[in-house]
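Text of coords_4.cif, listed as mmCIF, C-alpha atoms:
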data_protein
#
loop_
_atom_site.label_atom_id
_atom_site.label_comp_id
_atom_site.auth_asym_id
_atom_site.auth_seq_id
_atom_site.Cartn_x
_atom_site.Cartn_y
_atom_site.Cartn_z
CA MET A 470 0.00 0.00 0.00
CA SER A 471 1.00 3.65 0.04
CA ARG A 472 2.06 5.70 3.01
CA ASN A 473 1.14 8.84 4.90
CA ASN A 474 2.30 11.92 3.01
CA ASP A 475 2.75 13.95 6.20
CA LEU A 476 5.49 12.11 8.07
CA PRO A 477 8.01 14.41 9.77
CA GLN A 478 11.31 15.05 8.06
CA VAL A 479 14.08 14.35 10.57
CA PRO A 480 17.75 13.40 10.34
CA SER A 481 18.22 9.94 8.88
CA ARG A 482 20.27 7.04 10.14
CA ARG A 483 20.83 3.79 8.29
CA LEU A 484 20.06 0.34 9.53
CA MET A 485 23.17 -1.68 10.29
CA LEU A 486 22.62 -5.09 8.73
CA LYS A 487 25.19 -7.65 7.80
CA GLY A 488 25.75 -7.14 4.06
CA ALA A 489 25.03 -9.92 1.64
CA ALA A 490 25.71 -9.94 -2.05
CA LEU A 491 22.80 -12.17 -2.93
CA ALA A 492 22.11 -12.49 -6.64
CA ALA A 493 19.23 -10.43 -7.98
CA GLY A 494 17.14 -13.52 -8.20
CA ALA A 495 17.37 -14.87 -4.68
CA LEU A 496 14.29 -15.76 -2.53
CA ALA A 497 10.80 -17.14 -2.22
CA ALA A 498 8.81 -19.57 -0.23
CA THR A 499 5.79 -20.81 1.47
CA PRO A 500 5.15 -19.31 4.90
CA ALA A 501 6.25 -21.67 7.65
CA THR A 502 2.66 -21.88 8.85
CA VAL A 503 1.19 -23.15 5.57
CA ALA A 504 -0.17 -26.67 5.87
CA THR A 505 0.70 -28.77 2.84
CA ALA A 506 -1.98 -31.11 1.56
CA ALA A 507 -1.28 -34.47 -0.01
CA PRO A 508 0.39 -34.33 -3.44
CA ALA A 509 -2.06 -34.18 -6.29
CA SER A 510 -1.88 -34.70 -10.03
CA LYS A 511 -0.03 -32.20 -12.19
CA ALA A 512 -1.86 -28.89 -12.29
CA ALA A 513 -2.77 -26.87 -15.35
CA PRO A 514 -0.50 -23.95 -16.33
CA PHE A 515 -1.10 -20.83 -14.29
CA VAL A 516 -3.55 -18.28 -15.65
CA ASN A 517 -2.55 -14.62 -15.29
CA PRO A 518 -3.87 -12.34 -14.07
CA LEU A 519 -5.34 -14.79 -11.58
CA VAL A 520 -7.76 -12.41 -9.83
CA ARG A 521 -8.34 -8.96 -11.28
CA GLN A 522 -8.45 -5.84 -9.13
CA ARG A 523 -7.26 -7.63 -6.03
CA ALA A 524 -4.05 -6.20 -4.56
CA ASP A 525 -1.80 -7.35 -1.69
CA PRO A 526 -2.85 -10.98 -2.26
CA TYR A 527 -2.56 -13.71 0.34
CA ILE A 528 -3.13 -17.41 -0.40
CA HIS A 529 -3.18 -20.02 2.34
CA ARG A 530 -3.12 -23.70 1.34
CA HIS A 531 -4.88 -25.59 4.10
CA ALA A 532 -4.76 -29.23 5.16
CA ASP A 533 -8.31 -29.67 3.80
CA GLY A 534 -6.89 -29.41 0.28
CA HIS A 535 -8.27 -25.96 -0.42
CA TYR A 536 -6.56 -22.70 -1.28
CA TYR A 537 -7.97 -19.76 0.71
CA PHE A 538 -7.55 -16.35 -0.91
CA THR A 539 -7.94 -12.83 0.45
CA ALA A 540 -6.67 -9.45 -0.76
CA THR A 541 -7.21 -5.70 -0.74
CA VAL A 542 -10.24 -4.51 -2.72
CA PRO A 543 -10.11 -1.17 -4.59
CA GLU A 544 -12.79 0.36 -2.37
CA TYR A 545 -10.72 -0.35 0.77
CA ASP A 546 -13.92 -1.06 2.68
CA ARG A 547 -14.21 -4.82 3.33
CA ILE A 548 -12.43 -8.16 3.67
CA ILE A 549 -13.22 -10.83 1.11
CA LEU A 550 -12.51 -14.55 0.97
CA ARG A 551 -12.43 -17.13 -1.82
CA ARG A 552 -11.77 -20.87 -1.75
CA SER A 553 -10.77 -23.38 -4.42
CA ARG A 554 -9.08 -26.77 -4.72
CA THR A 555 -6.82 -25.35 -7.43
CA LEU A 556 -4.94 -22.09 -7.80
CA ASN A 557 -6.53 -21.38 -11.18
CA GLY A 558 -9.92 -22.06 -9.66
CA LEU A 559 -9.56 -18.99 -7.45
CA ALA A 560 -10.15 -16.84 -10.53
CA THR A 561 -13.81 -17.87 -10.72
CA ALA A 562 -14.45 -18.99 -7.14
CA ALA A 563 -17.37 -17.38 -5.36
CA GLU A 564 -16.29 -14.40 -3.26
CA SER A 565 -17.75 -13.77 0.19
CA VAL A 566 -17.54 -10.62 2.28
CA ILE A 567 -16.61 -11.90 5.73
CA TRP A 568 -16.16 -8.51 7.41
CA ALA A 569 -16.90 -4.86 6.53
CA LYS A 570 -15.49 -1.59 7.83
CA HIS A 571 -17.13 0.31 10.67
CA ALA A 572 -19.26 3.31 9.78
CA THR A 573 -17.48 5.43 12.41
CA GLY A 574 -14.50 5.11 14.72
CA VAL A 575 -11.67 2.60 14.50
CA MET A 576 -11.52 0.16 11.60
CA GLY A 577 -13.56 2.65 9.59
CA ALA A 578 -11.25 3.38 6.64
CA HIS A 579 -8.38 2.07 4.51
CA ILE A 580 -8.99 -1.66 4.99
CA TRP A 581 -5.71 -2.95 3.59
CA ALA A 582 -3.72 -6.11 3.04
CA PRO A 583 -5.64 -8.86 4.89
CA GLU A 584 -3.91 -12.18 5.53
CA ILE A 585 -5.63 -15.39 6.68
CA HIS A 586 -3.77 -17.78 8.99
CA ARG A 587 -4.68 -20.97 10.84
CA ILE A 588 -3.23 -20.92 14.37
CA GLY A 589 -4.04 -23.23 17.25
CA GLY A 590 -7.17 -24.61 15.64
CA LYS A 591 -8.66 -21.18 14.87
CA TRP A 592 -8.64 -18.84 11.89
CA TYR A 593 -7.06 -15.38 12.16
CA ILE A 594 -7.06 -12.46 9.78
CA TYR A 595 -4.49 -9.67 10.12
CA PHE A 596 -5.26 -6.41 8.35
CA ALA A 597 -4.55 -2.69 8.46
CA SER A 598 -7.13 0.04 8.93
CA ALA A 599 -7.68 3.56 10.21
CA PRO A 600 -10.42 5.43 12.07
CA ALA A 601 -13.14 6.78 9.80
CA GLU A 602 -12.40 10.27 11.14
CA SER A 603 -8.60 10.06 10.70
CA VAL A 604 -7.94 7.92 7.66
CA TRP A 605 -4.12 7.99 7.78
CA ASP A 606 -3.81 6.83 11.39
CA ILE A 607 -3.39 3.29 10.12
CA ARG A 608 -2.76 0.44 12.56
CA ILE A 609 -2.79 -3.37 12.61
CA TRP A 610 -5.91 -5.28 13.69
CA VAL A 611 -6.86 -8.93 14.15
CA LEU A 612 -10.02 -10.99 13.59
CA GLU A 613 -10.59 -14.50 14.99
CA ASN A 614 -12.97 -17.28 13.92
CA ALA A 615 -13.19 -20.54 15.90
CA HIS A 616 -15.31 -22.35 13.29
CA PRO A 617 -13.46 -24.99 11.21
CA ASP A 618 -14.88 -23.35 8.07
CA PRO A 619 -13.83 -19.68 7.80
CA PHE A 620 -16.90 -18.96 5.66
CA LYS A 621 -19.05 -19.91 8.65
CA GLY A 622 -19.03 -19.03 12.32
CA THR A 623 -18.37 -15.53 13.64
CA TRP A 624 -15.40 -13.29 13.00
CA VAL A 625 -14.60 -11.72 16.37
CA GLU A 626 -12.63 -8.48 16.55
CA LYS A 627 -9.68 -9.23 18.84
CA GLY A 628 -8.43 -5.65 18.68
CA GLN A 629 -5.33 -3.76 17.68
CA VAL A 630 -1.87 -5.28 17.74
CA LYS A 631 -0.11 -2.95 20.17
CA THR A 632 3.43 -2.09 19.11
CA ALA A 633 6.01 0.14 20.79
CA TRP A 634 4.54 3.32 19.27
CA GLU A 635 1.21 4.63 18.08
CA THR A 636 2.47 5.37 14.58
CA PHE A 637 1.62 4.40 11.00
CA SER A 638 1.79 0.57 10.86
CA LEU A 639 0.52 -2.09 8.50
CA ASP A 640 1.21 -5.31 6.55
CA ALA A 641 1.51 -7.75 9.43
CA THR A 642 2.35 -11.38 8.74
CA THR A 643 2.98 -14.19 11.22
CA PHE A 644 5.04 -17.36 11.18
CA SER A 645 6.18 -20.04 13.61
CA HIS A 646 9.81 -21.12 13.83
CA ARG A 647 11.00 -23.89 16.15
CA GLY A 648 8.07 -23.56 18.50
CA THR A 649 8.02 -19.77 18.71
CA ARG A 650 5.50 -17.55 16.94
CA TYR A 651 6.63 -14.25 15.46
CA LEU A 652 5.03 -11.21 13.87
CA VAL A 653 6.71 -9.18 11.10
CA TRP A 654 5.22 -5.86 10.06
CA ALA A 655 5.94 -2.41 8.63
CA GLN A 656 5.90 0.71 10.82
CA HIS A 657 7.16 4.26 11.00
CA GLU A 658 9.63 4.76 13.84
CA PRO A 659 9.54 8.18 15.52
CA GLY A 660 12.65 10.19 14.72
CA MET A 661 13.46 8.27 11.53
CA ASP A 662 13.54 9.86 8.09
CA ASN A 663 11.50 7.16 6.41
CA ASN A 664 7.91 6.07 5.92
CA THR A 665 8.16 2.49 7.17
CA ALA A 666 10.79 -0.03 8.23
CA LEU A 667 10.37 -3.77 8.92
CA TRP A 668 9.99 -4.98 12.50
CA LEU A 669 10.03 -8.37 14.22
CA SER A 670 8.66 -9.47 17.59
CA LYS A 671 7.76 -12.68 19.37
CA MET A 672 4.09 -13.20 20.21
CA ALA A 673 2.32 -14.13 23.43
CA ASN A 674 -0.80 -15.06 21.44
CA PRO A 675 -2.04 -14.36 17.88
CA TRP A 676 -2.94 -10.73 18.71
CA THR A 677 -0.37 -9.79 21.38
CA LEU A 678 3.36 -9.09 21.09
CA THR A 679 5.76 -10.01 23.86
CA GLY A 680 9.30 -8.92 24.59
CA PRO A 681 11.24 -6.42 22.47
CA GLN A 682 10.57 -5.50 18.86
CA VAL A 683 13.64 -5.24 16.62
CA ARG A 684 14.18 -3.45 13.34
CA LEU A 685 15.24 -5.83 10.56
CA SER A 686 15.43 -3.42 7.64
CA THR A 687 14.96 0.23 6.81
CA PRO A 688 14.90 1.89 3.36
CA GLU A 689 18.51 2.70 2.56
CA PHE A 690 19.22 1.85 -1.08
CA ASP A 691 18.13 4.03 -4.00
CA TRP A 692 15.63 1.42 -5.20
CA GLU A 693 13.94 1.44 -1.77
CA THR A 694 13.35 5.19 -1.64
CA ILE A 695 11.72 6.21 -4.93
CA GLY A 696 8.62 8.28 -4.23
CA TYR A 697 8.45 6.99 -0.66
CA LYS A 698 11.04 5.56 1.71
CA VAL A 699 9.36 2.25 2.22
CA ASN A 700 9.97 -1.30 3.41
CA GLU A 701 6.62 -3.10 3.69
CA GLY A 702 4.64 -6.22 2.75
CA PRO A 703 6.91 -8.84 4.39
CA ALA A 704 6.53 -12.55 3.58
CA VAL A 705 8.49 -15.41 5.16
CA LEU A 706 9.62 -18.71 3.66
CA ALA A 707 11.68 -21.44 5.34
CA ARG A 708 13.85 -23.51 2.98
CA ASN A 709 17.27 -25.09 2.79
CA GLY A 710 18.35 -24.30 6.36
CA ARG A 711 17.45 -20.62 6.08
CA LEU A 712 14.55 -18.24 6.46
CA PHE A 713 13.93 -15.88 3.56
CA LEU A 714 11.97 -12.69 4.15
CA SER A 715 10.81 -10.85 1.05
CA TYR A 716 9.43 -7.32 1.21
CA SER A 717 8.34 -4.47 -1.05
CA ALA A 718 9.92 -1.06 -1.47
CA SER A 719 9.34 2.42 -2.95
CA ALA A 720 6.08 3.97 -4.16
CA THR A 721 3.24 1.79 -5.42
CA ASP A 722 3.64 2.82 -9.07
CA TYR A 723 6.04 1.10 -11.51
CA HIS A 724 8.92 1.73 -9.10
CA TYR A 725 7.45 -0.76 -6.62
CA CYS A 726 9.76 -3.75 -6.33
CA MET A 727 10.84 -6.50 -3.96
CA GLY A 728 13.89 -6.98 -1.73
CA LEU A 729 15.11 -9.92 0.31
CA LEU A 730 16.47 -10.62 3.80
CA THR A 731 18.06 -13.94 4.79
CA VAL A 732 18.89 -15.57 8.11
CA ASP A 733 20.31 -18.96 9.08
CA ALA A 734 17.62 -21.17 10.59
CA ASN A 735 19.86 -21.87 13.59
CA ALA A 736 20.50 -18.19 14.33
CA ASP A 737 18.72 -15.97 16.85
CA LEU A 738 16.04 -14.32 14.70
CA MET A 739 15.73 -11.47 17.18
CA ASP A 740 19.31 -10.32 16.55
CA PRO A 741 19.24 -8.02 13.48
CA ALA A 742 22.96 -8.66 12.94
CA ASN A 743 22.12 -12.24 11.93
CA TRP A 744 20.03 -11.08 8.99
CA SER A 745 21.65 -10.27 5.64
CA LYS A 746 20.07 -7.94 3.11
CA SER A 747 20.35 -8.11 -0.66
CA PRO A 748 21.81 -4.83 -1.97
CA VAL A 749 19.76 -5.20 -5.17
CA PRO A 750 16.03 -5.82 -5.72
CA VAL A 751 15.03 -9.41 -6.46
CA PHE A 752 11.80 -8.74 -8.43
CA THR A 753 11.10 -5.64 -10.54
CA SER A 754 8.94 -4.19 -13.32
CA ASN A 755 9.58 -5.59 -16.79
CA ASP A 756 8.93 -3.80 -20.09
CA THR A 757 9.19 -7.00 -22.14
CA THR A 758 6.40 -8.81 -20.28
CA GLU A 759 4.57 -5.52 -19.63
CA GLN A 760 4.15 -6.04 -15.90
CA TYR A 761 4.71 -3.06 -13.62
CA GLY A 762 5.06 -2.52 -9.88
CA PRO A 763 5.26 -6.19 -8.82
CA GLY A 764 5.14 -6.57 -5.08
CA HIS A 765 3.34 -7.24 -1.83
CA ASN A 766 3.84 -10.94 -2.30
CA CYS A 767 3.24 -14.14 -0.41
CA PHE A 768 4.25 -17.73 -1.08
CA THR A 769 2.31 -20.93 -1.48
CA VAL A 770 2.80 -24.34 -3.12
CA ALA A 771 1.31 -25.81 -6.27
CA GLU A 772 -1.19 -28.63 -6.31
CA ASP A 773 1.65 -31.19 -6.30
CA GLY A 774 2.39 -30.11 -2.72
CA ARG A 775 6.06 -29.46 -3.54
CA SER A 776 6.55 -26.75 -6.16
CA ASP A 777 6.92 -23.28 -4.65
CA VAL A 778 4.69 -20.55 -6.06
CA LEU A 779 5.18 -16.79 -5.92
CA VAL A 780 1.98 -14.78 -5.43
CA TYR A 781 2.04 -11.00 -5.99
CA HIS A 782 0.21 -8.11 -7.59
CA ALA A 783 1.19 -5.99 -10.59
CA ARG A 784 -0.34 -3.63 -13.13
CA GLN A 785 -0.42 -4.13 -16.89
CA TYR A 786 0.65 -0.57 -17.69
CA LYS A 787 3.38 1.79 -16.56
CA GLU A 788 1.82 5.24 -16.50
CA ILE A 789 -0.83 6.13 -13.91
CA THR A 790 -2.91 9.29 -13.75
CA GLY A 791 -3.20 10.68 -10.23
CA ASP A 792 -2.54 8.84 -6.97
CA PRO A 793 -1.66 5.16 -7.58
CA LEU A 794 -3.92 4.32 -4.64
CA ASN A 795 -6.89 5.42 -6.74
CA ASP A 796 -5.96 3.14 -9.62
CA PRO A 797 -7.81 -0.18 -9.12
CA ASN A 798 -5.85 -2.35 -11.54
CA ARG A 799 -3.35 -4.10 -9.33
CA HIS A 800 -4.15 -7.69 -10.27
CA THR A 801 -3.22 -10.85 -8.36
CA ARG A 802 -0.68 -12.96 -10.24
CA VAL A 803 1.04 -16.30 -9.63
CA GLN A 804 4.12 -17.96 -11.09
CA LYS A 805 6.61 -20.68 -10.27
CA LEU A 806 9.33 -19.73 -7.83
CA GLY A 807 12.72 -21.08 -8.83
CA TRP A 808 15.78 -21.94 -6.80
CA HIS A 809 19.47 -21.29 -7.37
CA PRO A 810 21.99 -24.12 -6.89
CA ASP A 811 23.10 -22.47 -3.63
CA GLY A 812 19.63 -22.89 -2.18
CA THR A 813 18.49 -19.27 -2.49
CA PRO A 814 15.25 -18.35 -4.26
CA HIS A 815 15.20 -17.27 -7.88
CA PHE A 816 12.32 -14.90 -8.56
CA GLY A 817 13.00 -14.33 -12.24
CA ILE A 818 10.80 -11.71 -13.91
CA PRO A 819 7.03 -11.15 -13.69
CA VAL A 820 5.58 -13.34 -16.42
CA ALA A 821 3.49 -11.98 -19.27
CA ASP A 822 -0.28 -12.23 -19.27
CA THR A 823 -1.67 -15.58 -20.30
CA ALA A 824 -2.71 -15.74 -23.95
CA ALA A 825 -6.47 -16.00 -24.43
CA GLY A 826 -6.24 -19.48 -25.94
CA SER A 827 -3.94 -20.79 -23.23
CA ALA A 828 -6.12 -19.36 -20.50
CA LYS A 829 -9.16 -21.11 -21.93
CA GLU A 830 -7.38 -24.46 -22.05
CA SER A 831 -6.09 -24.26 -18.47
CA VAL A 832 -9.34 -23.42 -16.71
#

Would you mind writing the structure in this file as structure tokens?
Amino acid sequence: MSRNNDLPQVPSRRLMLKGAALAAGALAATPATVATAAPASKAAPFVNPLVRQRADPYIHRHADGHYYFTATVPEYDRIILRRSRTLNGLATAAESVIWAKHATGVMGAHIWAPEIHRIGGKWYIYFASAPAESVWDIRIWVLENAHPDPFKGTWVEKGQVKTAWETFSLDATTFSHRGTRYLVWAQHEPGMDNNTALWLSKMANPWTLTGPQVRLSTPEFDWETIGYKVNEGPAVLARNGRLFLSYSASATDYHYCMGLLTVDANADLMDPANWSKSPVPVFTSNDTTEQYGPGHNCFTVAEDGRSDVLVYHARQYKEITGDPLNDPNRHTRVQKLGWHPDGTPHFGIPVADTAAGSAKESV
């Protein structure tokens, strides 16, 4: 998403991370909390765009064999959910509104970037929103549903995720690593000359942080600071003895792109010095395939239960009139995530739209 235009301008200081010269195509994965269903027969080629006018996509593959999909809608006023046994099937799956913004007060505006997670036998949705009367005071909120079927039961508002400061915060994702649950999110730190940095904290429960919160990354490279100084939209994947954390940077026009952090699975995740940061973006706009502003990704697996899949949004054109937030055409897209011989992810380039004939055959 985009950021508050009115953040204070104060002296900057750069995040001290252990440097890492990862290749431009390193990263990707399925969140550590995704439950993998039994392998199935070979799936049809991916259809792109997968879901039109759905930004900040999140796909959870559950143990029941279904893919659950949620995303930001252009009206920024509700949370939607789809379900399908195949990734391509999400394109035409029925869409339900499971929660709508409040008419007044908190959770009344800018309903952004929902994610659906299954934790401890319950469903949780993390999302960002602001009060109806102060639409840029965006914070992180949590919904809970105890019913086995997230389309049924009641979505209970568990409240705001309280961080160290009452500042602009959004794009929360959660993962479990070696018995400990963590939250990663984007937030503006008072006194910093940026819009948002990435933060990590352990969790006492799915809506409460515990212990310190540490800064993993702040916008410091040129490609992270075009239009806005932004690190946001984190997604975590555990593979090959490491955790990979992708994120998005810069303004939400064609400059939007993805970066990557890496940490050894045996390291203390709460020590920022253990994380390395790629000095170059790992996924960017491409004139050849005509895909622009790829970002705010997540990871899932294909129907075979093994092949990693990159999920993200992008536009089909470069130039935008007015505020990119008012342009509805950030479409959900999916493509295979590759791997380098050294065990790091290979994002490649955003693939071209599916040809009409191919799309028809793969439905």

Measure the distance from CA of Pro703 (chain A) to CA of Tyr716 (chain A) in Å and round it to one decimal.
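Separating CA of Pro703 (chain A) from CA of Tyr716 (chain A) is a distance of 4.3 Å.
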
Using only C-alpha atoms, can you list as a PyMOL selection string the residues within 9 Å of (-7.2, -5.3, -6.5)?
chain A and resi 520-526+540-544+782+797-801

When distances are computed from all atoms listed in the file, which of A:Tyr536, A:His531, A:Ser645, A:Met576 shows the smallest separation from Thr555 (chain A)?
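Looking only at the distances to Thr555 (chain A), the closest residue turns out to be A:Tyr536.
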
Kindly resolve the PyMOL selection byres ((chain A and resi 757-763) around 8) on the present coordinates and return the residues as a PyMOL selection string.
chain A and resi 721-727+752-756+764-765+781-787+819-822

Would you mind telling me which residue in A:Leu794, A:Leu559, A:Val516, A:Ala707 lies nearest to Tyr537 (chain A) when using all atoms listed in the file?
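Counting all atoms listed in the file, the residue closest to Tyr537 (chain A) is A:Leu559.
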
Which one of A:Asn664, A:Ser553, A:Thr677, A:Asn517 sits closest to Trp610 (chain A) if you count all atoms listed in the file?
A:Thr677

Using all atoms listed in the file, what table do you get, as JSON lines, when you list each residue of region 543-606 of chain A with an atom no more than 8 Å from region 618-627 of chain A, its nearest pair of atoms, and their distance in Å rounded to one decimal, rows by chain then rising number?
{"residue": "A:Leu550", "atom": "CA", "partner": "A:Phe620", "partner_atom": "CA", "distance": 7.8}
{"residue": "A:Ser565", "atom": "CA", "partner": "A:Phe620", "partner_atom": "CA", "distance": 7.6}
{"residue": "A:Ile567", "atom": "CA", "partner": "A:Phe620", "partner_atom": "CA", "distance": 7.1}
{"residue": "A:Trp568", "atom": "CA", "partner": "A:Trp624", "partner_atom": "CA", "distance": 7.4}
{"residue": "A:Trp592", "atom": "CA", "partner": "A:Pro619", "partner_atom": "CA", "distance": 6.7}

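Closest approach to Val732 (chain A) among A:Lys671, A:Arg547, A:Thr813, A:Asp777 is made by A:Thr813 (distances from all atoms listed in the file).
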
Run through the PyMOL selection byres ((chain A and resi 654-657) around 9) on the given coordinates and return the selected residues as number ranges by chain.
A: 476, 608-609, 634, 636-643, 652-653, 658-669, 699-703

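The space between CA of Pro583 (chain A) and CA of Ala597 (chain A) spans 7.2 Å.
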
Rounded to one decimal in Å, what is the spacing between CA of Gln682 (chain A) and CA of Ser670 (chain A)?
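Value for the CA of Gln682 (chain A)-CA of Ser670 (chain A) distance: 4.6 Å.
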
So, with all atoms listed in the file as the atoms that count, which of A:Phe690, A:Thr573, A:His535, A:His586 lies closest to Glu602 (chain A)?
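Nearest to Glu602 (chain A): A:Thr573.
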
Explicit residues for the PyMOL selection byres ((chain A and resi 599) around 7) (as a list in words)
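Evaluating the PyMOL selection byres ((chain A and resi 599) around 7) on this file yields Val575, Met576, Gly577, Ala578, His579, Ser598, Pro600, Ala601, Ser603, Val604, Trp605, Asp606, Ile607 and Arg608 of chain A.
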
Go ahead and save the picked residues with C-alpha atoms, as a PDB file, in the coordinates of the input.
ATOM      1  CA  VAL A 575     -11.670   2.600  14.500  1.00  0.00           C
ATOM      2  CA  MET A 576     -11.520   0.160  11.600  1.00  0.00           C
ATOM      3  CA  GLY A 577     -13.560   2.650   9.590  1.00  0.00           C
ATOM      4  CA  ALA A 578     -11.250   3.380   6.640  1.00  0.00           C
ATOM      5  CA  HIS A 579      -8.380   2.070   4.510  1.00  0.00           C
ATOM      6  CA  SER A 598      -7.130   0.040   8.930  1.00  0.00           C
ATOM      7  CA  PRO A 600     -10.420   5.430  12.070  1.00  0.00           C
ATOM      8  CA  ALA A 601     -13.140   6.780   9.800  1.00  0.00           C
ATOM      9  CA  SER A 603      -8.600  10.060  10.700  1.00  0.00           C
ATOM     10  CA  VAL A 604      -7.940   7.920   7.660  1.00  0.00           C
ATOM     11  CA  TRP A 605      -4.120   7.990   7.780  1.00  0.00           C
ATOM     12  CA  ASP A 606      -3.810   6.830  11.390  1.00  0.00           C
ATOM     13  CA  ILE A 607      -3.390   3.290  10.120  1.00  0.00           C
ATOM     14  CA  ARG A 608      -2.760   0.440  12.560  1.00  0.00           C
TER      15      ARG A 608
END

Minimum-distance residue to Ile585 (chain A), chosen among A:Ala742, A:Ala720, A:Leu714, A:Cys767 (using all atoms listed in the file)
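Under the stated criterion, the closest residue is A:Cys767.
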